[in-house]
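J.: Below is the file target.cif, with mmCIF, C-alpha atoms and all ligand atoms.
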data_upload
loop_
_atom_site.label_atom_id
_atom_site.label_comp_id
_atom_site.auth_asym_id
_atom_site.auth_seq_id
_atom_site.Cartn_x
_atom_site.Cartn_y
_atom_site.Cartn_z
CA MET A 1 59.68 -10.59 -30.11
CA THR A 2 58.76 -14.27 -30.33
CA ALA A 3 58.95 -16.71 -33.20
CA ALA A 4 55.16 -16.69 -33.41
CA ALA A 5 55.18 -12.94 -33.98
CA LEU A 6 57.29 -13.25 -37.13
CA PRO A 7 55.12 -13.48 -40.26
CA ALA A 8 55.77 -16.47 -42.51
CA ALA A 9 58.83 -17.62 -40.62
CA PRO A 10 60.32 -20.71 -42.26
CA ALA A 11 59.85 -23.82 -40.15
CA ILE A 12 63.58 -24.27 -39.74
CA LEU A 13 63.96 -20.72 -38.41
CA GLY A 14 61.04 -21.29 -36.04
CA ALA A 15 62.71 -24.39 -34.67
CA THR A 16 66.01 -22.59 -34.24
CA MET A 17 64.41 -19.72 -32.39
CA ALA A 18 62.43 -22.05 -30.13
CA GLN A 19 65.69 -23.82 -29.34
CA ALA A 20 67.40 -20.51 -28.63
CA GLN A 21 64.59 -19.54 -26.28
CA ASP A 22 64.92 -22.84 -24.41
CA GLU A 23 68.60 -22.22 -23.92
CA THR A 24 67.89 -18.69 -22.75
CA ALA A 25 65.49 -20.03 -20.15
CA GLN A 26 68.27 -22.13 -18.61
CA THR A 27 70.89 -19.42 -18.36
CA PRO A 28 71.22 -16.62 -15.80
CA PRO A 29 69.93 -13.12 -16.62
CA ALA A 30 71.29 -11.66 -19.84
CA ILE A 31 72.79 -8.75 -17.92
CA PRO A 32 76.04 -9.41 -16.04
CA PRO A 33 75.08 -10.33 -12.46
CA TYR A 34 77.49 -7.88 -10.91
CA ARG A 35 78.21 -4.14 -10.96
CA LYS A 36 81.51 -2.89 -9.59
CA MET A 37 81.89 0.69 -8.37
CA GLN A 38 84.53 2.64 -6.51
CA LEU A 39 84.05 4.51 -3.25
CA GLY A 40 87.33 6.18 -2.26
CA ASP A 41 89.73 3.31 -1.59
CA MET A 42 86.98 0.70 -1.42
CA GLY A 43 85.62 -1.46 -4.21
CA VAL A 44 81.87 -1.90 -3.98
CA THR A 45 80.22 -4.62 -6.07
CA THR A 46 76.52 -5.38 -6.12
CA LEU A 47 75.76 -9.03 -6.91
CA LEU A 48 72.53 -10.20 -8.49
CA ALA A 49 72.06 -13.51 -6.67
CA ALA A 50 68.54 -14.01 -8.02
CA ASN A 51 65.45 -12.32 -9.35
CA ARG A 52 61.91 -13.58 -9.57
CA PRO A 53 58.45 -12.35 -10.51
CA MET A 54 55.92 -11.45 -7.85
CA ASP A 55 52.18 -11.62 -8.56
CA ASN A 56 49.67 -9.37 -6.83
CA PRO A 57 52.22 -6.92 -5.39
CA HIS A 58 49.44 -4.96 -3.67
CA GLY A 59 49.10 -8.01 -1.41
CA THR A 60 52.61 -7.12 -0.16
CA PHE A 61 53.07 -3.36 -0.62
CA GLY A 62 50.66 -0.64 0.41
CA LEU A 63 48.49 -2.82 2.64
CA ASN A 64 46.97 0.39 4.01
CA ALA A 65 46.40 1.92 0.55
CA SER A 66 43.31 1.46 -1.61
CA ASP A 67 43.40 -0.40 -4.93
CA GLU A 68 42.83 2.95 -6.63
CA GLU A 69 45.78 4.62 -4.89
CA PHE A 70 48.02 1.64 -5.65
CA ALA A 71 47.04 1.59 -9.32
CA ALA A 72 47.43 5.36 -9.68
CA LEU A 73 50.95 5.47 -8.22
CA SER A 74 51.99 2.47 -10.30
CA GLN A 75 50.73 4.04 -13.48
CA GLU A 76 52.40 7.35 -12.68
CA ALA A 77 55.71 5.47 -12.24
CA PHE A 78 55.33 3.51 -15.51
CA ILE A 79 55.08 0.09 -13.82
CA PRO A 80 52.25 -2.47 -13.83
CA ALA A 81 50.12 -2.76 -10.69
CA ASP A 82 49.37 -6.48 -11.02
CA THR A 83 52.87 -7.94 -11.26
CA SER A 84 56.40 -7.11 -10.15
CA LEU A 85 59.97 -8.32 -10.36
CA ASN A 86 61.91 -8.83 -7.14
CA PHE A 87 65.72 -8.64 -6.99
CA PHE A 88 68.06 -10.20 -4.42
CA THR A 89 71.31 -8.29 -4.24
CA PRO A 90 74.13 -9.00 -1.80
CA THR A 91 76.93 -6.42 -1.78
CA LEU A 92 80.68 -7.15 -1.72
CA ILE A 93 83.02 -4.50 -0.31
CA GLU A 94 86.76 -4.81 -0.85
CA ALA A 95 88.61 -2.78 1.77
CA GLY A 96 92.35 -3.38 2.09
CA ASP A 97 92.83 -7.14 2.47
CA GLU A 98 89.20 -7.65 3.46
CA LYS A 99 86.46 -8.95 1.19
CA ILE A 100 83.25 -8.29 3.08
CA LEU A 101 79.99 -9.79 1.84
CA PHE A 102 76.74 -8.26 3.04
CA ASP A 103 74.03 -10.97 3.00
CA THR A 104 74.00 -14.20 1.06
CA GLY A 105 70.90 -14.43 -1.14
CA LEU A 106 68.31 -17.19 -1.24
CA ASN A 107 70.82 -19.99 -1.65
CA SER A 108 74.50 -20.75 -1.97
CA ALA A 109 74.42 -21.40 -5.74
CA GLY A 110 72.98 -18.02 -6.74
CA THR A 111 75.39 -15.95 -4.70
CA SER A 112 78.39 -18.11 -5.63
CA ALA A 113 77.56 -17.75 -9.33
CA ALA A 114 77.34 -13.96 -9.09
CA LEU A 115 80.60 -13.85 -7.13
CA ALA A 116 82.30 -16.04 -9.76
CA ALA A 117 81.11 -13.77 -12.56
CA ALA A 118 82.71 -10.86 -10.69
CA GLY A 119 85.96 -12.80 -10.28
CA HIS A 120 85.69 -13.99 -6.68
CA ALA A 121 85.38 -17.41 -5.07
CA PRO A 122 83.34 -18.04 -1.90
CA GLU A 123 86.61 -19.02 -0.19
CA ASP A 124 87.96 -15.50 -0.82
CA ILE A 125 85.35 -13.90 1.44
CA THR A 126 86.94 -12.84 4.74
CA THR A 127 83.82 -11.50 6.48
CA VAL A 128 80.13 -12.19 6.04
CA VAL A 129 77.79 -9.59 7.51
CA ILE A 130 74.17 -10.66 7.98
CA THR A 131 71.95 -7.57 8.08
CA HIS A 132 68.89 -9.50 9.25
CA MET A 133 67.74 -13.09 9.29
CA HIS A 134 65.02 -13.42 6.67
CA GLY A 135 65.53 -16.43 4.40
CA ASP A 136 66.51 -14.37 1.36
CA HIS A 137 69.48 -12.96 3.30
CA ILE A 138 70.73 -16.02 5.20
CA GLY A 139 69.86 -18.69 2.60
CA GLY A 140 73.33 -18.72 1.05
CA LEU A 141 75.24 -19.27 4.30
CA MET A 142 75.05 -23.06 3.96
CA GLY A 143 75.06 -25.13 0.77
CA GLU A 144 75.17 -28.81 -0.06
CA GLY A 145 78.84 -28.91 0.93
CA GLY A 146 78.33 -27.22 4.30
CA ALA A 147 79.36 -23.64 4.96
CA THR A 148 79.59 -21.67 1.69
CA PHE A 149 82.18 -19.17 2.91
CA LYS A 150 84.70 -21.49 4.49
CA ASN A 151 87.29 -18.90 5.46
CA ALA A 152 84.97 -16.17 6.68
CA ARG A 153 84.18 -14.74 10.05
CA TYR A 154 80.54 -13.80 10.59
CA ILE A 155 79.01 -10.63 11.98
CA THR A 156 75.41 -9.78 12.78
CA GLY A 157 73.40 -7.59 15.12
CA GLN A 158 72.97 -8.84 18.66
CA THR A 159 69.29 -7.84 18.73
CA GLU A 160 68.58 -9.68 15.49
CA PHE A 161 70.37 -12.86 16.53
CA ASP A 162 68.71 -12.90 19.94
CA HIS A 163 65.25 -12.62 18.37
CA TRP A 164 65.63 -15.50 15.91
CA SER A 165 67.60 -17.64 18.31
CA LYS A 166 64.65 -17.54 20.73
CA ALA A 167 61.82 -17.48 18.18
CA GLY A 168 63.41 -20.18 16.08
CA ASN A 169 62.42 -21.22 12.58
CA ASP A 170 63.56 -23.88 10.13
CA THR A 171 65.67 -21.54 7.99
CA PHE A 172 67.48 -20.10 10.99
CA GLU A 173 68.16 -23.60 12.34
CA ALA A 174 69.46 -24.81 8.97
CA LYS A 175 71.52 -21.79 7.94
CA VAL A 176 72.61 -19.87 11.05
CA ARG A 177 72.57 -22.31 13.96
CA PRO A 178 75.43 -24.46 12.57
CA LEU A 179 77.63 -21.33 12.43
CA GLU A 180 76.46 -19.83 15.73
CA ASP A 181 79.81 -20.16 17.47
CA GLN A 182 81.60 -18.30 14.66
CA PHE A 183 79.43 -15.17 14.87
CA ALA A 184 80.49 -11.89 16.45
CA PHE A 185 77.62 -9.68 17.55
CA ILE A 186 77.47 -5.91 17.14
CA LYS A 187 75.08 -3.03 17.81
CA GLY A 188 74.33 0.31 16.16
CA GLY A 189 77.43 2.53 15.97
CA ASP A 190 79.84 -0.41 15.96
CA SER A 191 82.23 -0.87 13.02
CA VAL A 192 82.73 -3.93 10.84
CA VAL A 193 86.07 -2.51 9.69
CA SER A 194 87.26 1.08 9.71
CA GLY A 195 84.80 3.09 7.60
CA ILE A 196 81.86 0.67 7.76
CA THR A 197 79.47 1.42 10.61
CA ALA A 198 76.25 -0.30 11.66
CA VAL A 199 73.08 1.82 11.80
CA GLU A 200 70.04 0.52 13.68
CA ALA A 201 67.17 0.32 11.18
CA PHE A 202 64.70 -1.74 13.19
CA GLY A 203 61.17 -2.58 12.13
CA HIS A 204 61.52 -4.76 9.03
CA THR A 205 62.81 -7.27 11.58
CA PRO A 206 63.48 -6.64 15.29
CA GLY A 207 67.22 -6.05 14.75
CA HIS A 208 67.52 -5.14 11.05
CA MET A 209 70.72 -3.11 10.47
CA ALA A 210 71.75 -0.75 7.69
CA TYR A 211 75.40 0.20 7.14
CA MET A 212 77.12 3.52 6.52
CA VAL A 213 80.20 3.16 4.30
CA GLU A 214 82.82 5.94 4.13
CA SER A 215 86.12 6.09 2.26
CA GLY A 216 88.21 8.88 0.80
CA GLY A 217 85.69 11.51 1.87
CA LYS A 218 82.83 9.74 0.07
CA GLY A 219 79.81 8.07 1.60
CA LEU A 220 77.37 5.32 0.67
CA VAL A 221 74.50 3.74 2.59
CA LEU A 222 73.60 0.07 2.50
CA ALA A 223 69.90 0.54 3.22
CA VAL A 224 69.25 -3.19 2.82
CA ASP A 225 65.51 -3.88 3.44
CA THR A 226 64.60 -0.51 4.92
CA ALA A 227 62.64 0.01 1.68
CA ASN A 228 61.77 -3.02 -0.42
CA HIS A 229 60.42 -1.50 -3.63
CA TYR A 230 61.75 1.47 -5.55
CA VAL A 231 58.30 2.96 -6.15
CA TRP A 232 55.84 1.62 -3.60
CA SER A 233 58.19 2.00 -0.59
CA LEU A 234 60.23 5.04 -1.63
CA ARG A 235 57.40 7.20 -2.99
CA ARG A 236 55.13 6.21 -0.07
CA PRO A 237 57.28 5.43 2.99
CA GLU A 238 54.15 5.16 5.15
CA TRP A 239 52.67 2.37 3.02
CA GLU A 240 52.66 -0.84 5.06
CA VAL A 241 54.62 -3.82 3.80
CA ARG A 242 53.60 -7.40 4.53
CA PHE A 243 57.23 -8.42 5.28
CA ASP A 244 57.76 -5.66 7.89
CA MET A 245 57.39 -7.35 11.26
CA ASP A 246 56.68 -4.05 13.09
CA LYS A 247 54.94 -1.94 10.45
CA THR A 248 54.85 1.30 12.45
CA GLN A 249 58.52 1.08 13.40
CA ALA A 250 59.50 0.13 9.83
CA ALA A 251 57.72 3.20 8.43
CA ALA A 252 59.43 5.44 11.01
CA THR A 253 62.79 3.92 10.08
CA ARG A 254 62.10 4.53 6.39
CA LYS A 255 61.36 8.17 7.08
CA SER A 256 64.47 8.72 9.20
CA LEU A 257 67.01 6.71 7.18
CA LEU A 258 65.70 7.73 3.76
CA GLY A 259 65.49 11.31 5.03
CA MET A 260 69.18 11.20 5.92
CA VAL A 261 70.13 9.63 2.56
CA SER A 262 68.17 12.30 0.72
CA ALA A 263 69.33 15.27 2.83
CA ASP A 264 72.98 14.24 2.55
CA ARG A 265 72.57 13.45 -1.18
CA LEU A 266 74.25 10.07 -0.66
CA PRO A 267 74.12 7.10 -2.99
CA PHE A 268 72.46 4.06 -1.43
CA ILE A 269 72.15 0.39 -2.26
CA GLY A 270 68.84 -1.37 -1.66
CA TYR A 271 68.84 -5.16 -1.53
CA HIS A 272 65.56 -5.35 -3.47
CA MET A 273 65.94 -2.31 -5.74
CA PRO A 274 66.06 -2.96 -9.51
CA PHE A 275 69.54 -4.27 -10.32
CA PRO A 276 72.24 -2.94 -10.01
CA GLY A 277 70.39 -1.59 -6.98
CA VAL A 278 72.21 1.72 -6.59
CA GLY A 279 70.67 5.17 -6.66
CA PHE A 280 69.90 8.50 -5.07
CA LEU A 281 66.72 9.92 -3.56
CA GLU A 282 65.00 13.03 -4.81
CA THR A 283 62.26 14.39 -2.53
CA SER A 284 58.79 14.07 -4.04
CA GLY A 285 55.49 14.57 -2.22
CA PRO A 286 55.32 12.40 0.91
CA GLY A 287 58.40 10.40 -0.12
CA TYR A 288 61.19 10.09 -2.64
CA ARG A 289 61.79 9.43 -6.28
CA PHE A 290 64.48 6.81 -7.02
CA VAL A 291 67.25 8.22 -9.23
CA PRO A 292 69.34 5.28 -10.48
CA THR A 293 73.07 5.87 -10.42
CA GLY A 294 74.74 6.83 -13.67
CA TYR A 295 78.53 7.09 -13.60
CA GLN A 296 78.80 8.87 -10.22
CA LEU A 297 80.58 5.92 -8.64
CA ASP A 298 82.84 5.35 -11.64
CA VAL A 299 84.59 8.74 -11.64
ZN ZN A 301 64.96 -9.16 1.88
#
Take the structure I supplied and represent it as structure tokens, if you would.
T.:
Amino acid sequence: MTAAALPAAPAILGATMAQAQDETAQTPPAIPPYRKMQLGDMGVTTLLAANRPMDNPHGTFGLNASDEEFAALSQEAFIPADTSLNFFTPTLIEAGDEKILFDTGLNSAGTSAALAAAGHAPEDITTVVITHMHGDHIGGLMGEGGATFKNARYITGQTEFDHWSKAGNDTFEAKVRPLEDQFAFIKGGDSVVSGITAVEAFGHTPGHMAYMVESGGKGLVLAVDTANHYVWSLRRPEWEVRFDMDKTQAAATRKSLLGMVSADRLPFIGYHMPFPGVGFLETSGPGYRFVPTGYQLDV
């Protein structure tokens, strides 16, 4: 409700509400920007580093679908077809003495603020894993004061690093190149620490990696950018996405990785899913329905 919607609001109340709205506009989202869960002996915290509206989502999702198909699926899922909200969600895993951060958001400030809300400082991070090198995942590596995570080692996929190192772009040069010598490079099947294993999920980018997390007999998948919208990419895995560099390979990866998540009834975290970004997949038609987590990871 807005001040204008209130009938006969006294001027003083109108002014107060306008002031309150201005203050709201300057503060982070009203929901806490973190959600902590437990997976066996590991703490898993999703961090809302940023969110922002996206106009004309059909210009990004479902490039090979008609306007009618896009509108019909959107309506069926209770979401508008002409606008969207995008979330940027790094994940922190606490395993023994390690604090492992998966991806770094658009910038240092957003990820640092979410970490602080959850009770962590950037200096506490022992390992930063970069799943792929799009700007919304590497943007927080460097801030105004240099490296954001001053005590961390860095891990990324060899294939991914090799691609961007050769192709080059301004964001890579600004955010990754200064840290190049501190990176260790892994491939699918390699472990970050015991219980966290890289899974090749190529297509979104040439070396995009998902991660399988296992502790105390429980499993969780960091699907990262395998699927970038909870309706348009999960319900229709074959729908092409503008950000997927190899659209055919990305769709094949969606089908195989999401198929595994669904068949094994595992919880997964998607970097761009609605915050807190954690859910399950129920088979539905050619794809999957997103079932947001309830208390499954709290008990
Ligand atoms: Zn992304």
J.: Would you mind telling me which residue in A:Asp246, A:Glu240, A:Asp136, A:Glu160 lies nearest to ligand ZN 301 (chain A) when using all atoms listed in the file?
T.: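 Looking at the shortest contact to ligand ZN 301 (chain A), the residue is A:Asp136.
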J.: Distance CA of Ile138 (chain A)-CA of Leu179 (chain A), one decimal place?
T.: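 It comes out at 11.3 Å.
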J.: Residues up to 8 Å from ligand ZN 301 (chain A), counting only C-alpha atoms and all ligand atoms: could you list those as a count of residues only?
T.: 10
J.: Of the candidates A:Asp170, A:Glu144, A:Glu200, A:Glu94, which shows the shortest atom-to-atom distance to Ser108 (chain A), using only C-alpha atoms?
T.: A:Glu144
J.: Name all residues at most 12 Å from Gly105 (chain A) (count all atoms listed in the file; drop same-chain ones fewer than 2 positions away) and give them as a PyMOL selection string.
T.: chain A and resi 46-51+87-91+101-103+107-115+128+130-143+148+175+271-272
J.: Could you list, as number ranges by chain, every residue within 12 Å of Gly43 (chain A), counting only C-alpha atoms and ignoring same-chain residues fewer than 4 positions away?
T.: A: 35-39, 91-101, 118, 213-216, 220, 297-298
J.: With distances taken over only C-alpha atoms, which residue among A:Phe161, A:Phe243, A:Phe149, A:Phe61 lies nearest Phe185 (chain A)?
T.: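 Checking each of A:Phe161, A:Phe243, A:Phe149, A:Phe61 against Phe185 (chain A), counting only C-alpha atoms, the winner is A:Phe161.
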J.: Which residue is closest to Arg177 (chain A)? Choose from A:Ala30, A:Ala227, A:Ala147, A:Ala201 and count all atoms listed in the file.
T.: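 Smallest separation from Arg177 (chain A) among the options: A:Ala147.
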J.: What does the structure give for the distance between CA of Val199 (chain A) and CA of Met212 (chain A), in Å to one decimal?
T.: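 Spanning CA of Val199 (chain A) to CA of Met212 (chain A) is a straight-line distance of 6.9 Å.
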J.: Tell me, in Å to one decimal, how far CA of Val221 (chain A) is from CA of Pro286 (chain A).
T.: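 Result for CA of Val221 (chain A) versus CA of Pro286 (chain A): 21.1 Å, one decimal.
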J.: Counting all atoms listed in the file, figure out which residue out of A:Ala117, A:Val299, A:Ala210, A:Val176 gets nearest to Asp190 (chain A).
T.: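 Comparing A:Ala117, A:Val299, A:Ala210, A:Val176 against Asp190 (chain A), the winner is A:Ala210.
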J.: Counting all atoms listed in the file, figure out which residue out of A:Gln158, A:Leu106, A:Thr45, A:Trp232 gets nearest to Thr171 (chain A).
T.: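 For Thr171 (chain A), the nearest of the candidates is A:Leu106.
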J.: What's the 7 Å shell around Pro57 (chain A), counting all atoms listed in the file, without same-chain residues fewer than 2 positions away, as a count of residues only?
T.: 8
J.: Leaving out region 254-263 of chain A and any residue of its chain fewer than 2 positions from it, which residues lie within 12 Å of it when counting only C-alpha atoms, given as a PyMOL selection string?
T.: chain A and resi 199-204+209-212+219-230+233-241+244+247-252+265-270+279-284+286-291
